[in-house]
Each structure stands twice: as C-alpha cells, then as structure tokens.
Amino acid sequence: MATVELRFSAQPEHVRTARLVAAAVARRAGVEEAVLDEVRLAVGEACSRAVGLHRSNGLTAPVRVVLTEEEKVFSIEVGDEVPGPGGGPGDAVSGIDAVLDPDNEGEDEMGLAVISGLVDDVEVTSGESGGTIRMSWPVSGSSDLP
C-alpha cells in the first residue's frame, strides 16, 4: 500500500496544487484516464470545502489530503480540523445521505452534493477533532467492477 500525504495552509490558491497532485497520483495508481477529471473535480470540491471551513472558523492548521493506493482501489481523504456539531469520532454518513443531512448548510451542502455526484464511493465523517471526506475509485485491472 503506497501513501502520499499532502498538507497545505488553508488558502484557496493551494487547492489547485492539491488537484494536480491527486490527478498525478491517481494516474500512477491505475485509475482509468476517463475518471481522472472526476478525481480532480472531487478533490477540488473537498479541499475548497475544508479551506472554507478553516477560514470561517479562524483555524490556522493545515488542510490534510491523504492519497492511498491499494491493490484494487485508490482512495483520497481530505480532512479538516473543524469539530462537528455534537459529533463523535464514529459518526459517519455515507454517499448521498451526507448531502441530505439537515445540519449541513449553504455552500457546504452544495460541495457535498457535487462530490456525491462525482464519486460513487464517498463517506463523510465528523467528530471532535474535525471532519474527513473519504472518496475511492477502482483501479485498472480490478476484477470487481460491475
């Protein structure tokens, strides 16, 4: 299992760099060429959301992006350090349910909707130490594809 970790200050201009790194690592991991635009867009949305949360909450901590290549799947986790409302470390909402959460508001909800439209396998978690959006895609040669 190969892992690349990227941390950047919560500035909008760094989101482009995160998108480029994600696309390059996804390509190397074997994600199909036709899916790379979806990877790039989803990472851009997730990173923009994390940057916005950090900035609106006055946090100076970096945004965290972890890219992991496994045998049959490539995954990306984008993490922020903004505590979730009443959330514990195990609170998780998967897929479209994350978008329909009544606690989500405005741009946050829109970003999650875009991500859910781009990624089939997405999980949003929120807890005391922050939130994470985990997205994954199959890699070429994976025999589990429908």
# chains A, B, ... in the order shown; residues from 1 in each chain; ligands from 1
call {"tool": "select_by_dssp", "arguments": {"residues": "stretch 18-67 of chain A", "states": "alpha helix (DSSP H)", "output": "ChimeraX atom specification"}}
result
/A:18-29,36-56
call {"tool": "write_last_selection", "arguments": {"atoms": "N, CA, C and O atoms", "output": "CSV table (one decimal), in the first residue's frame"}}
result
chain,number,residue,atom,x,y,z
A,18,ALA,N,-3.4,20.8,-4.9
A,18,ALA,CA,-3.9,19.5,-4.4
A,18,ALA,C,-4.6,18.7,-5.5
A,18,ALA,O,-4.4,17.5,-5.6
A,19,ARG,N,-5.3,19.4,-6.4
A,19,ARG,CA,-6.0,18.8,-7.5
A,19,ARG,C,-5.0,18.1,-8.4
A,19,ARG,O,-5.1,17.0,-8.9
A,20,LEU,N,-3.9,18.9,-8.8
A,20,LEU,CA,-2.9,18.4,-9.7
A,20,LEU,C,-2.2,17.2,-9.1
A,20,LEU,O,-1.9,16.2,-9.8
A,21,VAL,N,-1.8,17.2,-7.8
A,21,VAL,CA,-1.2,16.1,-7.1
A,21,VAL,C,-2.1,14.9,-7.1
A,21,VAL,O,-1.7,13.8,-7.4
A,22,ALA,N,-3.4,15.1,-6.8
A,22,ALA,CA,-4.3,14.0,-6.7
A,22,ALA,C,-4.4,13.3,-8.1
A,22,ALA,O,-4.4,12.1,-8.2
A,23,ALA,N,-4.5,14.1,-9.2
A,23,ALA,CA,-4.7,13.5,-10.5
A,23,ALA,C,-3.4,12.7,-10.9
A,23,ALA,O,-3.5,11.6,-11.5
A,24,ALA,N,-2.2,13.3,-10.5
A,24,ALA,CA,-1.0,12.6,-10.9
A,24,ALA,C,-0.8,11.3,-10.1
A,24,ALA,O,-0.5,10.2,-10.7
A,25,VAL,N,-1.2,11.3,-8.8
A,25,VAL,CA,-1.1,10.0,-8.1
A,25,VAL,C,-2.1,9.0,-8.5
A,25,VAL,O,-1.9,7.8,-8.6
A,26,ALA,N,-3.3,9.5,-8.8
A,26,ALA,CA,-4.4,8.6,-9.3
A,26,ALA,C,-4.0,7.9,-10.6
A,26,ALA,O,-4.2,6.7,-10.8
A,27,ARG,N,-3.4,8.7,-11.5
A,27,ARG,CA,-2.9,8.2,-12.8
A,27,ARG,C,-1.9,7.1,-12.5
A,27,ARG,O,-2.0,6.0,-13.1
A,28,ARG,N,-0.9,7.3,-11.7
A,28,ARG,CA,0.1,6.4,-11.4
A,28,ARG,C,-0.5,5.1,-10.7
A,28,ARG,O,0.0,4.0,-10.9
A,29,ALA,N,-1.5,5.3,-9.9
A,29,ALA,CA,-2.2,4.2,-9.2
A,29,ALA,C,-2.9,3.3,-10.2
A,29,ALA,O,-3.3,2.1,-9.8
A,36,LEU,N,-10.2,10.5,-14.4
A,36,LEU,CA,-9.3,11.4,-13.8
A,36,LEU,C,-9.9,12.8,-13.6
A,36,LEU,O,-9.6,13.5,-12.6
A,37,ASP,N,-10.7,13.3,-14.5
A,37,ASP,CA,-11.4,14.6,-14.3
A,37,ASP,C,-12.3,14.6,-13.1
A,37,ASP,O,-12.4,15.5,-12.4
A,38,GLU,N,-13.0,13.4,-12.9
A,38,GLU,CA,-13.8,13.3,-11.7
A,38,GLU,C,-13.0,13.4,-10.5
A,38,GLU,O,-13.4,14.0,-9.5
A,39,VAL,N,-11.9,12.7,-10.5
A,39,VAL,CA,-11.0,12.7,-9.3
A,39,VAL,C,-10.5,14.2,-9.0
A,39,VAL,O,-10.6,14.7,-7.9
A,40,ARG,N,-10.1,14.9,-10.1
A,40,ARG,CA,-9.6,16.2,-9.9
A,40,ARG,C,-10.7,17.2,-9.4
A,40,ARG,O,-10.5,17.9,-8.5
A,41,LEU,N,-11.9,17.0,-10.0
A,41,LEU,CA,-13.1,17.9,-9.5
A,41,LEU,C,-13.5,17.6,-8.1
A,41,LEU,O,-13.7,18.5,-7.3
A,42,ALA,N,-13.6,16.3,-7.8
A,42,ALA,CA,-14.0,15.9,-6.4
A,42,ALA,C,-13.0,16.4,-5.4
A,42,ALA,O,-13.4,16.9,-4.3
A,43,VAL,N,-11.7,16.2,-5.6
A,43,VAL,CA,-10.7,16.7,-4.7
A,43,VAL,C,-10.7,18.2,-4.6
A,43,VAL,O,-10.6,18.8,-3.5
A,44,GLY,N,-10.9,18.9,-5.7
A,44,GLY,CA,-11.1,20.3,-5.7
A,44,GLY,C,-12.2,20.8,-4.8
A,44,GLY,O,-12.1,21.7,-4.0
A,45,GLU,N,-13.4,20.1,-4.9
A,45,GLU,CA,-14.5,20.5,-4.1
A,45,GLU,C,-14.3,20.2,-2.6
A,45,GLU,O,-14.6,21.0,-1.7
A,46,ALA,N,-13.7,19.0,-2.3
A,46,ALA,CA,-13.4,18.6,-0.9
A,46,ALA,C,-12.4,19.6,-0.3
A,46,ALA,O,-12.6,20.0,0.9
A,47,CYS,N,-11.4,19.9,-1.0
A,47,CYS,CA,-10.3,20.8,-0.5
A,47,CYS,C,-10.9,22.2,-0.3
A,47,CYS,O,-10.6,22.9,0.7
A,48,SER,N,-11.7,22.7,-1.3
A,48,SER,CA,-12.3,24.0,-1.2
A,48,SER,C,-13.2,24.1,0.1
A,48,SER,O,-13.2,25.1,0.8
A,49,ARG,N,-13.9,23.0,0.3
A,49,ARG,CA,-14.8,23.0,1.5
A,49,ARG,C,-14.0,23.0,2.8
A,49,ARG,O,-14.3,23.8,3.7
A,50,ALA,N,-12.9,22.3,2.8
A,50,ALA,CA,-12.0,22.3,4.0
A,50,ALA,C,-11.4,23.6,4.2
A,50,ALA,O,-11.3,24.1,5.3
A,51,VAL,N,-10.9,24.3,3.1
A,51,VAL,CA,-10.3,25.6,3.2
A,51,VAL,C,-11.4,26.6,3.8
A,51,VAL,O,-11.1,27.4,4.7
A,52,GLY,N,-12.6,26.5,3.2
A,52,GLY,CA,-13.6,27.4,3.7
A,52,GLY,C,-14.0,27.2,5.1
A,52,GLY,O,-14.2,28.2,5.9
A,53,LEU,N,-14.0,26.0,5.6
A,53,LEU,CA,-14.3,25.7,7.0
A,53,LEU,C,-13.2,26.2,7.9
A,53,LEU,O,-13.5,26.8,8.9
A,54,HIS,N,-12.0,26.0,7.5
A,54,HIS,CA,-10.9,26.5,8.3
A,54,HIS,C,-10.9,28.1,8.4
A,54,HIS,O,-10.7,28.6,9.5
A,55,ARG,N,-11.1,28.7,7.2
A,55,ARG,CA,-11.1,30.2,7.2
A,55,ARG,C,-12.2,30.8,8.0
A,55,ARG,O,-12.1,31.7,8.7
A,56,SER,N,-13.4,30.2,7.8
A,56,SER,CA,-14.6,30.7,8.5
A,56,SER,C,-14.6,30.5,10.0
A,56,SER,O,-15.2,31.2,10.8
call {"tool": "residues_around", "arguments": {"residues": "A:Pro138", "least_positions_apart": "2", "cutoff": "7 Å", "atoms": "only C-alpha atoms", "output": "list of chain:residue names"}}
result
A:Val31, A:Lys72, A:Val73, A:Phe74, A:Ser136, A:Ser140, A:Ser142
call {"tool": "write_last_selection", "arguments": {"atoms": "N, CA and C atoms", "output": "tab-separated table (two decimals), in the first residue's frame"}}
result
chain	number	residue	atom	x	y	z
A	31	VAL	N	-5.89	4.48	-11.94
A	31	VAL	CA	-7.27	4.93	-12.15
A	31	VAL	C	-7.43	5.23	-13.64
A	72	LYS	N	-6.76	-2.89	-5.32
A	72	LYS	CA	-7.90	-2.74	-6.21
A	72	LYS	C	-8.59	-1.40	-6.11
A	73	VAL	N	-8.09	-0.52	-5.26
A	73	VAL	CA	-8.78	0.75	-5.04
A	73	VAL	C	-7.78	1.87	-4.76
A	74	PHE	N	-8.14	3.05	-5.22
A	74	PHE	CA	-7.39	4.27	-4.95
A	74	PHE	C	-8.30	5.16	-4.11
A	136	SER	N	-13.25	7.00	-2.95
A	136	SER	CA	-12.42	5.96	-3.55
A	136	SER	C	-12.92	5.58	-4.93
A	140	SER	N	-7.42	0.22	-12.55
A	140	SER	CA	-7.42	-0.66	-13.73
A	140	SER	C	-6.95	-2.04	-13.32
A	142	SER	N	-8.87	-4.15	-11.83
A	142	SER	CA	-9.71	-4.62	-10.76
A	142	SER	C	-10.84	-5.47	-11.35
call {"tool": "closest_residue", "arguments": {"among": "A:Thr17, A:Ser9, A:Asn57, A:Ser116", "to": "A:Val82", "atoms": "only C-alpha atoms"}}
result
A:Asn57
call {"tool": "atom_distance", "arguments": {"atom1": "atom CA of A:Glu77", "atom2": "atom CA of A:Gly131"}}
result
9.9 Å
call {"tool": "select_by_dssp", "arguments": {"residues": "stretch 1-41 of chain A", "states": "strand (DSSP E or B)", "output": "list in words"}}
result
Ala2, Thr3, Val4, Glu5, Leu6, Arg7 and Phe8 of chain A
